[in-house]
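Structure data (mmCIF, C-alpha atoms) from structure16.cif:
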```
data_structure
#
loop_
_atom_site.group_PDB
_atom_site.id
_atom_site.type_symbol
_atom_site.label_atom_id
_atom_site.label_comp_id
_atom_site.auth_asym_id
_atom_site.auth_seq_id
_atom_site.Cartn_x
_atom_site.Cartn_y
_atom_site.Cartn_z
ATOM 1 C CA MET N 1149 10.158 13.051 -0.114
ATOM 2 C CA GLU N 1150 9.191 12.982 3.560
ATOM 3 C CA LEU N 1151 8.551 9.594 5.121
ATOM 4 C CA THR N 1152 7.317 8.637 8.566
ATOM 5 C CA PHE N 1153 9.052 5.639 10.102
ATOM 6 C CA PRO N 1154 8.097 3.563 13.147
ATOM 7 C CA ALA N 1155 8.992 5.171 16.466
ATOM 8 C CA GLY N 1156 12.640 4.752 17.355
ATOM 9 C CA ARG N 1157 13.734 3.478 13.956
ATOM 10 C CA ALA N 1158 15.589 5.561 11.386
ATOM 11 C CA ASP N 1159 15.364 4.638 7.719
ATOM 12 C CA SER N 1160 18.975 3.430 7.782
ATOM 13 C CA ALA N 1161 17.970 0.838 10.400
ATOM 14 C CA LEU N 1162 15.148 -0.640 8.329
ATOM 15 C CA PRO N 1163 15.815 -3.840 6.381
ATOM 16 C CA GLU N 1164 15.758 -3.874 2.573
ATOM 17 C CA VAL N 1165 13.878 -7.166 2.342
ATOM 18 C CA GLY N 1166 10.631 -7.876 0.527
ATOM 19 C CA ILE N 1167 7.180 -8.821 1.744
ATOM 20 C CA ASP N 1168 8.074 -12.533 2.089
ATOM 21 C CA ALA N 1169 10.050 -11.712 5.230
ATOM 22 C CA PHE N 1170 6.942 -10.347 6.963
ATOM 23 C CA VAL N 1171 4.000 -12.396 5.643
ATOM 24 C CA PRO N 1172 5.381 -15.674 4.259
ATOM 25 C CA LYS N 1173 1.967 -17.364 4.583
ATOM 26 C CA PHE N 1174 -1.274 -15.531 3.974
ATOM 27 C CA ASP N 1175 -5.050 -15.758 3.916
ATOM 28 C CA ALA N 1176 -5.363 -13.288 1.049
ATOM 29 C CA ARG N 1177 -2.908 -11.977 -1.532
ATOM 30 C CA GLU N 1178 -3.178 -9.498 -4.395
ATOM 31 C CA ARG N 1179 -0.312 -8.483 -6.680
ATOM 32 C CA HIS N 1180 -0.312 -6.190 -9.686
ATOM 33 C CA SER N 1181 2.545 -5.075 -11.982
ATOM 34 C CA ILE N 1182 2.664 -2.528 -14.766
ATOM 35 C CA GLU N 1183 5.457 -1.169 -16.963
ATOM 36 C CA ILE N 1184 6.019 2.572 -16.923
ATOM 37 C CA HIS N 1185 8.061 4.700 -19.300
ATOM 38 C CA ALA N 1186 9.879 6.724 -16.628
ATOM 39 C CA PRO N 1187 12.938 6.250 -14.370
ATOM 40 C CA ALA N 1188 12.468 4.023 -11.328
ATOM 41 C CA ALA N 1189 13.262 6.781 -8.821
ATOM 42 C CA MET N 1190 10.585 9.008 -10.336
ATOM 43 C CA VAL N 1191 8.012 6.207 -10.377
ATOM 44 C CA PHE N 1192 8.771 5.402 -6.746
ATOM 45 C CA GLU N 1193 8.365 9.018 -5.670
ATOM 46 C CA VAL N 1194 5.104 9.421 -7.587
ATOM 47 C CA ALA N 1195 3.702 6.234 -6.026
ATOM 48 C CA CYS N 1196 4.679 7.171 -2.457
ATOM 49 C CA ASN N 1197 3.099 10.610 -2.812
ATOM 50 C CA PHE N 1198 0.101 9.662 -4.948
ATOM 51 C CA ASP N 1199 -3.394 10.699 -3.886
ATOM 52 C CA ILE N 1200 -5.385 7.531 -4.520
ATOM 53 C CA GLN N 1201 -8.654 9.386 -3.985
ATOM 54 C CA SER N 1202 -7.844 11.567 -6.976
ATOM 55 C CA VAL N 1203 -9.154 8.611 -9.010
ATOM 56 C CA PRO N 1204 -12.961 9.044 -9.166
ATOM 57 C CA LEU N 1205 -13.775 5.316 -9.181
ATOM 58 C CA VAL N 1206 -11.575 4.780 -6.123
ATOM 59 C CA ARG N 1207 -13.497 7.503 -4.280
ATOM 60 C CA GLY N 1208 -16.660 5.684 -5.302
ATOM 61 C CA ILE N 1209 -15.403 2.396 -3.839
ATOM 62 C CA PHE N 1210 -14.566 4.085 -0.520
ATOM 63 C CA TRP N 1211 -18.001 5.729 -0.515
ATOM 64 C CA LEU N 1212 -19.729 2.389 -1.153
ATOM 65 C CA ARG N 1213 -17.776 0.696 1.646
ATOM 66 C CA SER N 1214 -18.781 3.427 4.086
ATOM 67 C CA LYS N 1215 -22.429 3.021 3.137
ATOM 68 C CA LEU N 1216 -22.365 -0.776 3.402
ATOM 69 C CA LEU N 1217 -20.584 -0.828 6.778
ATOM 70 C CA GLY N 1218 -21.976 2.376 8.245
ATOM 71 C CA SER N 1219 -18.596 4.087 8.555
ATOM 72 C CA LEU N 1220 -18.244 7.546 10.058
ATOM 73 C CA PRO N 1221 -16.635 10.262 7.902
ATOM 74 C CA MET N 1222 -12.875 10.551 8.386
ATOM 75 C CA GLU N 1223 -10.854 13.726 7.972
ATOM 76 C CA ARG N 1224 -7.814 13.177 5.799
ATOM 77 C CA THR N 1225 -4.536 14.382 7.303
ATOM 78 C CA SER N 1226 -2.680 14.209 3.987
ATOM 79 C CA THR N 1227 -3.329 13.392 0.358
ATOM 80 C CA ARG N 1228 0.094 11.726 0.009
ATOM 81 C CA LEU N 1229 -0.233 7.957 0.260
ATOM 82 C CA VAL N 1230 2.635 7.119 2.632
ATOM 83 C CA GLN N 1231 2.075 10.132 4.874
ATOM 84 C CA GLU N 1232 -1.656 9.491 5.060
ATOM 85 C CA LEU N 1233 -1.253 5.830 5.989
ATOM 86 C CA SER N 1234 1.485 6.619 8.506
ATOM 87 C CA ALA N 1235 -0.870 9.060 10.213
ATOM 88 C CA LEU N 1236 -3.513 6.321 10.369
ATOM 89 C CA GLY N 1237 -1.114 4.019 12.238
ATOM 90 C CA TRP N 1238 0.694 2.033 9.550
ATOM 91 C CA GLY N 1239 4.427 1.468 10.011
ATOM 92 C CA VAL N 1240 7.269 1.125 7.516
ATOM 93 C CA LEU N 1241 8.708 -2.398 7.718
ATOM 94 C CA ALA N 1242 11.356 -2.238 4.994
ATOM 95 C CA PHE N 1243 12.806 0.480 2.838
ATOM 96 C CA ARG N 1244 15.262 0.689 -0.025
ATOM 97 C CA PRO N 1245 15.609 4.239 -1.370
ATOM 98 C CA HIS N 1246 13.892 4.762 -4.752
ATOM 99 C CA ARG N 1247 13.169 1.039 -5.093
ATOM 100 C CA LEU N 1248 11.158 -0.596 -2.316
ATOM 101 C CA MET N 1249 8.872 0.144 0.603
ATOM 102 C CA VAL N 1250 6.941 -2.354 2.706
ATOM 103 C CA MET N 1251 4.292 -1.021 5.092
ATOM 104 C CA GLY N 1252 2.335 -3.053 7.608
ATOM 105 C CA ALA N 1253 -0.160 -2.914 10.435
ATOM 106 C CA MET N 1254 -2.494 -4.955 12.589
ATOM 107 C CA THR N 1255 -6.190 -4.193 12.281
ATOM 108 C CA GLU N 1256 -9.738 -5.523 12.271
ATOM 109 C CA PRO N 1257 -10.719 -4.654 8.682
ATOM 110 C CA TRP N 1258 -14.345 -5.694 9.120
ATOM 111 C CA GLU N 1259 -14.971 -2.817 11.542
ATOM 112 C CA PRO N 1260 -16.769 0.221 10.036
ATOM 113 C CA ASN N 1261 -13.882 2.490 11.096
ATOM 114 C CA PRO N 1262 -10.899 0.187 11.631
ATOM 115 C CA THR N 1263 -7.901 1.327 13.631
ATOM 116 C CA PHE N 1264 -4.349 0.421 12.627
ATOM 117 C CA ARG N 1265 -1.466 -0.483 14.916
ATOM 118 C CA ALA N 1266 2.120 -0.577 13.687
ATOM 119 C CA ILE N 1267 4.264 -3.572 14.638
ATOM 120 C CA PRO N 1268 8.078 -3.227 14.691
ATOM 121 C CA ALA N 1269 9.715 -4.880 11.681
ATOM 122 C CA PRO N 1270 11.636 -7.552 13.694
ATOM 123 C CA ASP N 1271 8.390 -8.671 15.376
ATOM 124 C CA PHE N 1272 5.964 -8.515 12.478
ATOM 125 C CA ALA N 1273 6.296 -12.050 11.115
ATOM 126 C CA SER N 1274 5.983 -13.731 14.530
ATOM 127 C CA PHE N 1275 3.363 -11.416 16.006
ATOM 128 C CA SER N 1276 0.273 -13.413 16.976
ATOM 129 C CA GLU N 1277 -1.450 -11.496 19.785
ATOM 130 C CA SER N 1278 -5.151 -10.667 19.640
ATOM 131 C CA GLU N 1279 -7.796 -11.796 17.172
ATOM 132 C CA ALA N 1280 -6.953 -9.465 14.327
ATOM 133 C CA VAL N 1281 -5.362 -9.395 10.868
ATOM 134 C CA LYS N 1282 -1.809 -8.475 9.920
ATOM 135 C CA ILE N 1283 -1.607 -6.692 6.590
ATOM 136 C CA ALA N 1284 1.536 -5.803 4.645
ATOM 137 C CA TRP N 1285 1.773 -4.137 1.255
ATOM 138 C CA THR N 1286 4.528 -2.959 -1.028
ATOM 139 C CA ILE N 1287 5.566 -0.212 -3.393
ATOM 140 C CA GLU N 1288 8.248 -1.579 -5.729
ATOM 141 C CA ALA N 1289 10.001 0.165 -8.622
ATOM 142 C CA GLU N 1290 12.277 -2.188 -10.570
ATOM 143 C CA PRO N 1291 14.424 -0.456 -13.202
ATOM 144 C CA LEU N 1292 14.238 -2.147 -16.606
ATOM 145 C CA GLY N 1293 16.315 0.548 -18.296
ATOM 146 C CA GLU N 1294 17.259 4.196 -17.943
ATOM 147 C CA ALA N 1295 13.669 5.296 -18.457
ATOM 148 C CA SER N 1296 11.704 2.082 -18.074
ATOM 149 C CA THR N 1297 10.342 0.670 -14.817
ATOM 150 C CA ARG N 1298 8.274 -2.254 -13.651
ATOM 151 C CA PHE N 1299 6.009 -0.905 -10.918
ATOM 152 C CA THR N 1300 4.568 -3.536 -8.581
ATOM 153 C CA SER N 1301 2.274 -3.386 -5.603
ATOM 154 C CA GLU N 1302 1.498 -6.461 -3.524
ATOM 155 C CA THR N 1303 -0.787 -6.844 -0.512
ATOM 156 C CA ARG N 1304 -0.868 -9.820 1.842
ATOM 157 C CA ALA N 1305 -3.124 -10.407 4.831
ATOM 158 C CA VAL N 1306 -3.004 -13.103 7.501
ATOM 159 C CA ALA N 1307 -5.230 -13.551 10.543
ATOM 160 C CA THR N 1308 -3.687 -14.017 13.991
ATOM 161 C CA GLY N 1309 -6.352 -16.474 15.183
ATOM 162 C CA GLU N 1310 -9.157 -18.695 13.975
ATOM 163 C CA THR N 1311 -11.965 -16.354 15.014
ATOM 164 C CA ALA N 1312 -10.297 -13.502 13.165
ATOM 165 C CA ARG N 1313 -9.705 -15.767 10.165
ATOM 166 C CA ARG N 1314 -13.404 -16.622 9.910
ATOM 167 C CA ARG N 1315 -14.385 -12.960 10.187
ATOM 168 C CA PHE N 1316 -11.760 -11.913 7.678
ATOM 169 C CA ARG N 1317 -12.834 -14.523 5.133
ATOM 170 C CA ARG N 1318 -16.424 -13.281 5.336
ATOM 171 C CA TYR N 1319 -15.207 -9.724 4.958
ATOM 172 C CA TRP N 1320 -12.990 -10.618 1.970
ATOM 173 C CA ARG N 1321 -15.814 -12.438 0.190
ATOM 174 C CA PHE N 1322 -18.013 -9.404 0.743
ATOM 175 C CA LEU N 1323 -15.620 -6.538 -0.046
ATOM 176 C CA GLY N 1324 -12.453 -8.099 -1.417
ATOM 177 C CA ILE N 1325 -13.348 -7.313 -5.023
ATOM 178 C CA GLY N 1326 -13.382 -3.599 -4.190
ATOM 179 C CA ILE N 1327 -9.930 -3.791 -2.609
ATOM 180 C CA VAL N 1328 -8.553 -5.549 -5.677
ATOM 181 C CA ALA N 1329 -10.257 -3.011 -7.960
ATOM 182 C CA ILE N 1330 -8.537 -0.130 -6.164
ATOM 183 C CA ARG N 1331 -5.121 -1.621 -6.983
ATOM 184 C CA TRP N 1332 -6.061 -2.085 -10.628
ATOM 185 C CA LEU N 1333 -7.349 1.479 -10.870
ATOM 186 C CA VAL N 1334 -4.455 3.160 -9.063
ATOM 187 C CA ALA N 1335 -1.584 1.558 -11.007
ATOM 188 C CA PRO N 1336 -2.550 3.072 -14.410
ATOM 189 C CA ALA N 1337 -3.095 6.445 -12.721
ATOM 190 C CA ILE N 1338 0.415 6.284 -11.246
ATOM 191 C CA ARG N 1339 1.733 5.380 -14.702
ATOM 192 C CA ARG N 1340 0.020 8.389 -16.278
ATOM 193 C CA GLU N 1341 1.390 10.782 -13.667
ATOM 194 C CA ALA N 1342 4.937 9.370 -13.740
ATOM 195 C CA GLU N 1343 5.054 9.444 -17.550
ATOM 196 C CA ARG N 1344 3.562 12.941 -17.648
ATOM 197 C CA ARG N 1345 6.219 14.157 -15.210
ATOM 198 C CA TYR N 1346 9.035 12.380 -17.052
ATOM 199 C CA HIS N 1347 7.983 13.728 -20.454
ATOM 200 C CA ALA N 1348 7.667 17.232 -19.003
ATOM 201 C CA THR N 1349 11.180 17.152 -17.509
ATOM 202 C CA SER N 1350 12.905 15.314 -20.371
ATOM 203 C CA GLY N 1351 11.214 17.105 -23.249
ATOM 204 C CA THR N 1352 10.142 13.823 -24.890
ATOM 205 C CA ASN N 1353 6.719 13.100 -26.313
ATOM 206 C CA GLY N 1354 4.352 10.753 -24.480
ATOM 207 C CA THR N 1355 3.977 7.224 -25.819
ATOM 208 C CA ASN N 1356 0.942 6.126 -23.794
#
```

Please re-express this file's structure in structure tokens.
Amino acid sequence: MELTFPAGRADSALPEVGIDAFVPKFDARERHSIEIHAPAAMVFEVACNFDIQSVPLVRGIFWLRSKLLGSLPMERTSTRLVQELSALGWGVLAFRPHRLMVMGAMTEPWEPNPTFRAIPAPDFASFSESEAVKIAWTIEAEPLGEASTRFTSETRAVATGETARRRFRRYWRFLGIGIVAIRWLVAPAIRREAERRYHATSGTNGTN
């Protein structure tokens, strides 16, 4: 699996800590877990490379957001989640092979076509420049057994100033339900793909 890391940082230099290290306090938080009948390494790989727009309702949510905010069409550089977000400007803050990834960026999410700026991992928690929002999110695959995994994704957002906080709260009240819905729609799709792949490689019958 190919991953894009922040400039000047190899994966071996990235910490293996969780999202608490980067956004201990937040203005918005969403966390979702689901159990998957597949090995953790396989679940992690599927999640990192998953095309979230392969889920029709997710495409519909993106379409609705663009209509409501007047967004311009964007050409996708990749259909793989981590590669696509890296190309948009997100940076990898923490990484544990086959188990954990934390990505983060600074942005103004209320803009029709927001831009994303990576912040180096050591500076992310203390970064407070500009009137923007720091967002971090996780891909976590916790092994529960040889072929059983708890997959978790958590997103946290915190504004870097009071003006940004007011704008973000209005934005979250307006569109936050769509962001939460995407997480709830993507997790079962990842489960289906990971279990399909595991059953195909192991020769077992599906249970879900």

- Task: Just give me the gap between atom CA of Ala1335 of chain N and atom CA of Leu1323 of chain N in Å, one decimal is fine.
- Result: 19.6 Å

- Item | Interatomic distance, atom CA of Ile1338 of chain N to atom CA of Arg1213 of chain N (Å, one decimal) | 23.0 Å

- Query: Applied to the shown file, which residues does the PyMOL selection byres ((chain N and resi 1186) around 8) return, written as a ChimeraX atom specification?
  - Reply: /N:1184-1185,1187-1188,1190-1191,1294-1297,1342-1343,1346

- Message: Taking 4 positions as the minimum chain separation for residues in the same chain, which residues sit within 10 Å of Trp1258 of chain N when counting all atoms listed in the file? Answer as a list of chain:residue names.
- Response: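 Here the qualifying residues turn out to be N:Leu1217, N:Pro1262, N:Ala1280, N:Val1281, N:Ala1312, N:Arg1315, N:Phe1316, N:Arg1317, N:Arg1318, N:Tyr1319, N:Trp1320, N:Phe1322, N:Leu1323.
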
- Task: Choose the residue, out of N:Leu1220, N:Leu1229, N:Ala1273, N:Val1171, that has the smallest atom-to-atom separation from Asn1197 of chain N; count only C-alpha atoms.
- Result: N:Leu1229

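The closest residue to Phe1264 of chain N, picked from N:Val1230, N:Val1250, N:Leu1236, N:Ile1283 and counting only C-alpha atoms, is N:Leu1236.
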
- Query: Between atom CA of Arg1244 of chain N and atom CA of Phe1192 of chain N, what is the spacing in Å?
  - Reply: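 Separating atom CA of Phe1192 of chain N from atom CA of Arg1244 of chain N is a distance of 10.5 Å.
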
Taking the file as I've supplied it (selection: the PyMOL selection byres ((chain N and resi 1201-1206) around 9)), which residues are included? Please answer as a compact mmCIF listing (two decimals) with C-alpha atoms, in the frame of the given file.
```
# COMPACT_ATOMS: atom_id res chain seq x y z
CA PHE N 1198 0.10 9.66 -4.95
CA ASP N 1199 -3.39 10.70 -3.89
CA ILE N 1200 -5.38 7.53 -4.52
CA ARG N 1207 -13.50 7.50 -4.28
CA GLY N 1208 -16.66 5.68 -5.30
CA ILE N 1209 -15.40 2.40 -3.84
CA PHE N 1210 -14.57 4.08 -0.52
CA TRP N 1211 -18.00 5.73 -0.52
CA THR N 1227 -3.33 13.39 0.36
CA GLY N 1326 -13.38 -3.60 -4.19
CA ALA N 1329 -10.26 -3.01 -7.96
CA ILE N 1330 -8.54 -0.13 -6.16
CA LEU N 1333 -7.35 1.48 -10.87
CA VAL N 1334 -4.46 3.16 -9.06
CA ALA N 1337 -3.10 6.44 -12.72
```
